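Everything below belongs to protein.cif, which stores mmCIF, C-alpha atoms.
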data_input
loop_
_atom_site.group_PDB
_atom_site.id
_atom_site.type_symbol
_atom_site.label_atom_id
_atom_site.label_comp_id
_atom_site.auth_asym_id
_atom_site.auth_seq_id
_atom_site.Cartn_x
_atom_site.Cartn_y
_atom_site.Cartn_z
ATOM 1 C CA MET A 1144 0.000 0.000 0.000
ATOM 2 C CA SER A 1145 1.170 3.508 -0.719
ATOM 3 C CA TYR A 1146 -0.113 6.939 0.276
ATOM 4 C CA HIS A 1147 -0.328 9.700 -2.331
ATOM 5 C CA THR A 1148 -0.766 13.380 -1.631
ATOM 6 C CA LYS A 1149 -0.795 16.616 -3.605
ATOM 7 C CA ILE A 1150 0.064 19.846 -1.779
ATOM 8 C CA ILE A 1151 -0.045 23.548 -2.657
ATOM 9 C CA PHE A 1152 2.721 25.602 -1.069
ATOM 10 C CA GLY A 1153 2.561 29.357 -0.427
ATOM 11 C CA LYS A 1154 0.071 31.398 1.561
ATOM 12 C CA ASP A 1155 -1.077 33.419 -1.469
ATOM 13 C CA HIS A 1156 -1.485 30.291 -3.585
ATOM 14 C CA VAL A 1157 -3.521 28.545 -0.891
ATOM 15 C CA ARG A 1158 -5.787 31.591 -0.784
ATOM 16 C CA LYS A 1159 -5.997 31.576 -4.585
ATOM 17 C CA TYR A 1160 -6.952 27.873 -4.508
ATOM 18 C CA HIS A 1161 -9.759 28.516 -1.989
ATOM 19 C CA ASN A 1162 -11.062 31.358 -4.180
ATOM 20 C CA ASN A 1163 -11.168 28.956 -7.199
ATOM 21 C CA GLU A 1164 -8.786 31.177 -9.173
ATOM 22 C CA GLU A 1165 -6.813 29.844 -12.134
ATOM 23 C CA PHE A 1166 -3.098 29.029 -11.813
ATOM 24 C CA SER A 1167 -0.547 29.521 -14.579
ATOM 25 C CA ASP A 1168 1.575 26.549 -15.640
ATOM 26 C CA PHE A 1169 4.553 28.208 -13.981
ATOM 27 C CA GLU A 1170 2.677 28.561 -10.667
ATOM 28 C CA LYS A 1171 1.616 24.917 -10.886
ATOM 29 C CA SER A 1172 5.174 23.736 -11.473
ATOM 30 C CA ILE A 1173 6.517 25.745 -8.545
ATOM 31 C CA ASN A 1174 3.730 25.566 -5.964
ATOM 32 C CA PHE A 1175 1.999 22.208 -6.573
ATOM 33 C CA LYS A 1176 3.914 19.133 -5.440
ATOM 34 C CA LYS A 1177 3.022 15.434 -5.405
ATOM 35 C CA TYR A 1178 4.418 12.984 -2.871
ATOM 36 C CA VAL A 1179 4.160 9.219 -2.428
ATOM 37 C CA PHE A 1180 4.803 7.544 0.928
ATOM 38 C CA GLU A 1181 5.157 3.847 1.642
ATOM 39 C CA THR A 1182 3.565 4.031 5.093
ATOM 40 C CA LYS A 1183 0.978 6.135 6.853
ATOM 41 C CA ALA A 1184 3.525 6.907 9.588
ATOM 42 C CA GLU A 1185 5.957 8.256 6.967
ATOM 43 C CA ARG A 1186 3.224 10.472 5.516
ATOM 44 C CA ASN A 1187 2.210 11.761 8.956
ATOM 45 C CA ALA A 1188 5.825 12.516 9.882
ATOM 46 C CA PHE A 1189 6.193 14.476 6.645
ATOM 47 C CA TYR A 1190 3.072 16.523 7.416
ATOM 48 C CA LYS A 1191 4.316 17.210 10.930
ATOM 49 C CA GLY A 1192 7.685 18.410 9.603
ATOM 50 C CA VAL A 1193 6.013 20.712 7.061
ATOM 51 C CA VAL A 1194 3.720 22.209 9.712
ATOM 52 C CA GLU A 1195 6.643 22.808 12.071
ATOM 53 C CA SER A 1196 8.831 24.377 9.409
ATOM 54 C CA MET A 1197 6.273 26.443 7.495
ATOM 55 C CA GLY A 1198 3.142 26.948 9.472
ATOM 56 C CA ARG A 1199 -0.290 25.601 8.671
ATOM 57 C CA LEU A 1200 -1.467 28.581 6.599
ATOM 58 C CA GLU A 1201 1.381 28.299 4.079
ATOM 59 C CA PHE A 1202 0.337 24.967 2.539
ATOM 60 C CA GLU A 1203 -2.789 22.980 1.809
ATOM 61 C CA VAL A 1204 -3.262 19.269 1.103
ATOM 62 C CA ILE A 1205 -5.584 19.285 -1.910
ATOM 63 C CA ASN A 1206 -5.637 15.599 -2.822
ATOM 64 C CA GLU A 1207 -4.859 12.516 -0.801
ATOM 65 C CA PHE A 1208 -5.520 8.830 -1.376
ATOM 66 C CA GLU A 1209 -4.317 5.344 -0.542
ATOM 67 C CA ASP A 1210 -3.241 3.052 -3.358
ATOM 68 C CA LYS A 1211 -4.037 -0.459 -2.170
ATOM 69 C CA ASN A 1212 -3.090 -2.103 -5.480
ATOM 70 C CA ASN A 1213 0.255 -0.333 -5.574
ATOM 71 C CA GLN A 1214 0.614 0.887 -9.150
ATOM 72 C CA GLU A 1215 4.390 0.658 -8.821
ATOM 73 C CA LYS A 1216 4.316 -2.921 -10.137
ATOM 74 C CA GLU A 1217 2.872 -1.699 -13.435
ATOM 75 C CA ASP A 1218 5.446 1.071 -13.662
ATOM 76 C CA GLU A 1219 8.443 -1.212 -13.062
ATOM 77 C CA SER A 1220 8.693 -1.907 -16.796
ATOM 78 C CA GLU A 1221 9.118 1.814 -17.552
ATOM 79 C CA PHE A 1222 12.620 3.224 -17.351
ATOM 80 C CA ASP A 1223 12.829 6.556 -15.525
ATOM 81 C CA TYR A 1224 15.686 7.986 -17.532
ATOM 82 C CA TRP A 1225 15.594 11.380 -15.808
ATOM 83 C CA GLY A 1226 15.903 9.711 -12.423
ATOM 84 C CA PHE A 1227 18.854 7.747 -13.788
ATOM 85 C CA VAL A 1228 20.497 10.857 -15.289
ATOM 86 C CA GLU A 1229 19.989 12.818 -12.076
ATOM 87 C CA LYS A 1230 21.630 10.059 -10.053
ATOM 88 C CA HIS A 1231 24.566 9.252 -12.357
ATOM 89 C CA TYR A 1232 25.334 12.366 -14.411
ATOM 90 C CA PRO A 1233 28.416 14.212 -13.067
ATOM 91 C CA LYS A 1234 27.602 17.581 -11.508
ATOM 92 C CA TYR A 1235 23.962 17.254 -12.562
ATOM 93 C CA TYR A 1236 22.784 20.251 -10.537
ATOM 94 C CA SER A 1237 25.287 22.655 -12.085
ATOM 95 C CA CYS A 1238 25.214 21.436 -15.688
ATOM 96 C CA ASN A 1239 24.164 23.859 -18.419
ATOM 97 C CA ASN A 1240 23.027 20.996 -20.672
ATOM 98 C CA VAL A 1241 20.625 19.776 -17.991
ATOM 99 C CA LEU A 1242 19.187 23.285 -17.752
ATOM 100 C CA LEU A 1243 18.908 23.491 -21.533
ATOM 101 C CA SER A 1244 17.135 20.125 -21.616
ATOM 102 C CA ASP A 1245 14.649 21.435 -19.066
ATOM 103 C CA ILE A 1246 14.006 24.512 -21.208
ATOM 104 C CA LEU A 1247 13.487 22.385 -24.326
ATOM 105 C CA THR A 1248 11.188 20.014 -22.411
ATOM 106 C CA ARG A 1249 9.057 22.929 -21.245
ATOM 107 C CA LYS A 1250 8.906 24.259 -24.815
ATOM 108 C CA LEU A 1251 7.798 20.861 -26.181
ATOM 109 C CA ASP A 1252 5.216 20.500 -23.390
ATOM 110 C CA GLY A 1253 3.791 23.951 -24.119
ATOM 111 C CA GLU A 1254 4.778 25.354 -20.726
ATOM 112 C CA GLU A 1255 5.885 28.924 -20.045
ATOM 113 C CA ILE A 1256 9.453 29.900 -20.890
ATOM 114 C CA CYS A 1257 11.091 33.239 -20.174
ATOM 115 C CA GLU A 1258 11.712 35.596 -23.108
ATOM 116 C CA LYS A 1259 15.495 35.249 -22.848
ATOM 117 C CA ASP A 1260 15.265 31.467 -23.251
ATOM 118 C CA LEU A 1261 12.757 31.787 -26.106
ATOM 119 C CA ASP A 1262 15.131 34.127 -27.942
ATOM 120 C CA TYR A 1263 18.002 31.686 -27.415
ATOM 121 C CA ILE A 1264 16.142 28.751 -29.007
ATOM 122 C CA LYS A 1265 13.948 30.643 -31.496
ATOM 123 C CA ASP A 1266 15.504 29.251 -34.715
ATOM 124 C CA TRP A 1267 16.060 25.718 -33.423
ATOM 125 C CA ASP A 1268 14.413 22.458 -34.381
ATOM 126 C CA VAL A 1269 13.482 21.988 -30.714
ATOM 127 C CA ARG A 1270 12.486 18.324 -30.972
ATOM 128 C CA LYS A 1271 15.733 17.375 -32.763
ATOM 129 C CA GLU A 1272 17.937 19.384 -30.388
ATOM 130 C CA PHE A 1273 16.120 17.941 -27.373
ATOM 131 C CA PHE A 1274 16.613 14.384 -28.629
ATOM 132 C CA GLU A 1275 20.334 14.879 -29.304
ATOM 133 C CA LEU A 1276 20.913 16.638 -25.983
ATOM 134 C CA ASP A 1277 19.062 14.058 -23.900
ATOM 135 C CA LYS A 1278 20.809 11.236 -25.749
ATOM 136 C CA GLU A 1279 24.152 12.812 -24.817
ATOM 137 C CA LEU A 1280 23.118 13.270 -21.166
ATOM 138 C CA LEU A 1281 21.862 9.691 -20.889
ATOM 139 C CA CYS A 1282 24.969 8.225 -22.541
ATOM 140 C CA LYS A 1283 27.267 10.097 -20.163
ATOM 141 C CA ALA A 1284 25.169 8.966 -17.186
ATOM 142 C CA PHE A 1285 25.358 5.356 -18.423
ATOM 143 C CA GLY A 1286 29.124 5.721 -18.801
ATOM 144 C CA ASN A 1287 29.460 6.850 -15.201
ATOM 145 C CA TYR A 1288 27.138 4.076 -14.039
ATOM 146 C CA PHE A 1289 29.243 1.418 -15.763
ATOM 147 C CA ASP A 1290 32.447 2.931 -14.383
ATOM 148 C CA ILE A 1291 30.991 2.505 -10.901
ATOM 149 C CA ILE A 1292 29.634 -1.023 -11.452
ATOM 150 C CA TYR A 1293 32.538 -2.279 -13.566
ATOM 151 C CA PRO A 1294 35.665 -0.306 -12.676
ATOM 152 C CA GLU A 1295 38.529 -0.559 -15.149
ATOM 153 C CA LYS A 1296 40.744 -2.388 -12.637
ATOM 154 C CA PHE A 1297 38.557 -5.496 -13.048
ATOM 155 C CA GLN A 1298 39.020 -5.738 -16.836
#

Show me the file's structure as structure tokens.
Amino acid sequence: MSYHTKIIFGKDHVRKYHNNEEFSDFEKSINFKKYVFETKAERNAFYKGVVESMGRLEFEVINEFEDKNNQEKEDESEFDYWGFVEKHYPKYYSCNNVLLSDILTRKLDGEEICEKDLDYIKDWDVRKEFFELDKELLCKAFGNYFDIIYPEKFQ
């Protein structure tokens, strides 16, 4: 069994939610977060930590349910390549190519992009560039993974 929850963060956004106002895609990506917990105790501890660190008025649980069938078994066949890249790509959090991939992903998904980024990619074949860039990121992550699992000293 797993416990799923969706939370809005930010006092103004909680108020906006209660007033049934629309959110932009950018606001959704920043202020709406989904979490999955394996146990009820883990979920409750998370809630307690959020309340203690933020205060009750700065977030709102807007959706919560228990998954008794545990969908994870169905998803095991799908490869989470971004999770893999994040874990195995060197200096993932400070890599310009990772940032560029995020920008291209948002463009392909029709999400908001700042004007500066739009100008930078305006004449690109976004789908082609995205494919080539993500292929490069994944290959480098795989290379690092294999270096860890099969170090050269064992060859």

Discussion item. Residues proximal to (5.2, 28.6, -7.5) were defined as those with any atom within 12 Å of that point in the file's coordinates, counting all atoms listed in the file. Which are they, as a list in words?
Written reply: Ile1150, Ile1151, Phe1152, Gly1153, Lys1154, Asp1155, His1156, Val1157, Lys1159, Phe1166, Ser1167, Asp1168, Phe1169, Glu1170, Lys1171, Ser1172, Ile1173, Asn1174, Phe1175, Lys1176 and Phe1202 of chain A

Practice prompt. On this file, the PyMOL selection byres ((chain A and resi 1255) around 10) gives some set of residues; write that set as a ChimeraX atom specification.
Written response: /A:1167-1170,1246,1249-1250,1252-1254,1256-1258,1261

Discussion item. Distance cut-off 6 Å, centre (-3.1, 19.3, 0.7) in file coordinates, counting all atoms listed in the file: which residues qualify? Return them as a PyMOL selection string.
Written reply: chain A and resi 1149-1150+1203-1206

Suppose we keep C-alpha atoms; can you now write the selection as a compact mmCIF listing (two decimals), keeping the file's coordinate frame?
# COMPACT_ATOMS: atom_id res chain seq x y z
CA LYS A 1149 -0.80 16.62 -3.60
CA ILE A 1150 0.06 19.85 -1.78
CA GLU A 1203 -2.79 22.98 1.81
CA VAL A 1204 -3.26 19.27 1.10
CA ILE A 1205 -5.58 19.28 -1.91
CA ASN A 1206 -5.64 15.60 -2.82

Discussion item. Considering all atoms listed in the file, can you say which of A:Leu1280, A:Val1193, A:Leu1251, A:Ala1184 comes closest to Phe1227 (chain A)?
Written reply: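 With all atoms listed in the file as the atom set, the closest residue is A:Leu1280.
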
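Of the residues listed (A:Glu1209, A:Glu1195, A:Asp1290, A:Asp1262), A:Asp1290 shows the shortest atom-to-atom separation from Tyr1232 (chain A); distances use only C-alpha atoms.
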
If we count only C-alpha atoms and set the cut-off at 12 Å, which residues sit around Phe1273 (chain A), ignoring sequence neighbours fewer than 2 positions away in its own chain? Please answer as a compact mmCIF listing (two decimals) with C-alpha atoms, in the frame of the given file.
# COMPACT_ATOMS: atom_id res chain seq x y z
CA ASN A 1240 23.03 21.00 -20.67
CA VAL A 1241 20.62 19.78 -17.99
CA LEU A 1242 19.19 23.28 -17.75
CA LEU A 1243 18.91 23.49 -21.53
CA SER A 1244 17.14 20.12 -21.62
CA ASP A 1245 14.65 21.44 -19.07
CA ILE A 1246 14.01 24.51 -21.21
CA LEU A 1247 13.49 22.38 -24.33
CA THR A 1248 11.19 20.01 -22.41
CA ARG A 1249 9.06 22.93 -21.24
CA LYS A 1250 8.91 24.26 -24.82
CA LEU A 1251 7.80 20.86 -26.18
CA ASP A 1252 5.22 20.50 -23.39
CA ILE A 1264 16.14 28.75 -29.01
CA TRP A 1267 16.06 25.72 -33.42
CA ASP A 1268 14.41 22.46 -34.38
CA VAL A 1269 13.48 21.99 -30.71
CA ARG A 1270 12.49 18.32 -30.97
CA LYS A 1271 15.73 17.38 -32.76
CA GLU A 1275 20.33 14.88 -29.30
CA LEU A 1276 20.91 16.64 -25.98
CA ASP A 1277 19.06 14.06 -23.90
CA LYS A 1278 20.81 11.24 -25.75
CA GLU A 1279 24.15 12.81 -24.82
CA LEU A 1280 23.12 13.27 -21.17
CA LEU A 1281 21.86 9.69 -20.89

Item to complete: Taking the file as shown, find all residues satisfying the PyMOL selection byres ((chain A and resi 1231) around 10) and write them as number ranges by chain.
Response: A: 1225-1230, 1232-1235, 1280-1281, 1283-1289, 1291

Discussion item. Running the PyMOL selection byres ((chain A and resi 1144-1147) around 6) on this model by hand, what would come out? Give it as a ChimeraX atom specification.
Written reply: /A:1148,1178-1181,1207-1211,1213

Discussion item. Between CA of Ser1196 (chain A) and CA of His1161 (chain A), what is the distance in Å, rounded to a tenth?
Written reply: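 Atom-to-atom, CA of Ser1196 (chain A) to CA of His1161 (chain A), that is 22.2 Å.
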
Discussion item. One number please: CA of Tyr1160 (chain A) to CA of Tyr1190 (chain A), in Å, one decimal.
Written reply: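 Computing the Euclidean distance for CA of Tyr1160 (chain A) and CA of Tyr1190 (chain A) yields 19.3 Å.
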
Discussion item. One decimal, in Å: what's the spacing between CA of Tyr1236 (chain A) and CA of Tyr1263 (chain A)?
Written reply: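 Distance reported for this atom pair: 20.9 Å.
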
Expected axis-aligned box over every listed atom of region 1161-1164 of chain A, 5 Å added per side, centre plus edges in Å to one decimal, as lines of an AutoDock Vina configuration file:
center_x = -10.0
center_y = 29.9
center_z = -5.6
size_x = 12.4
size_y = 12.8
size_z = 17.2
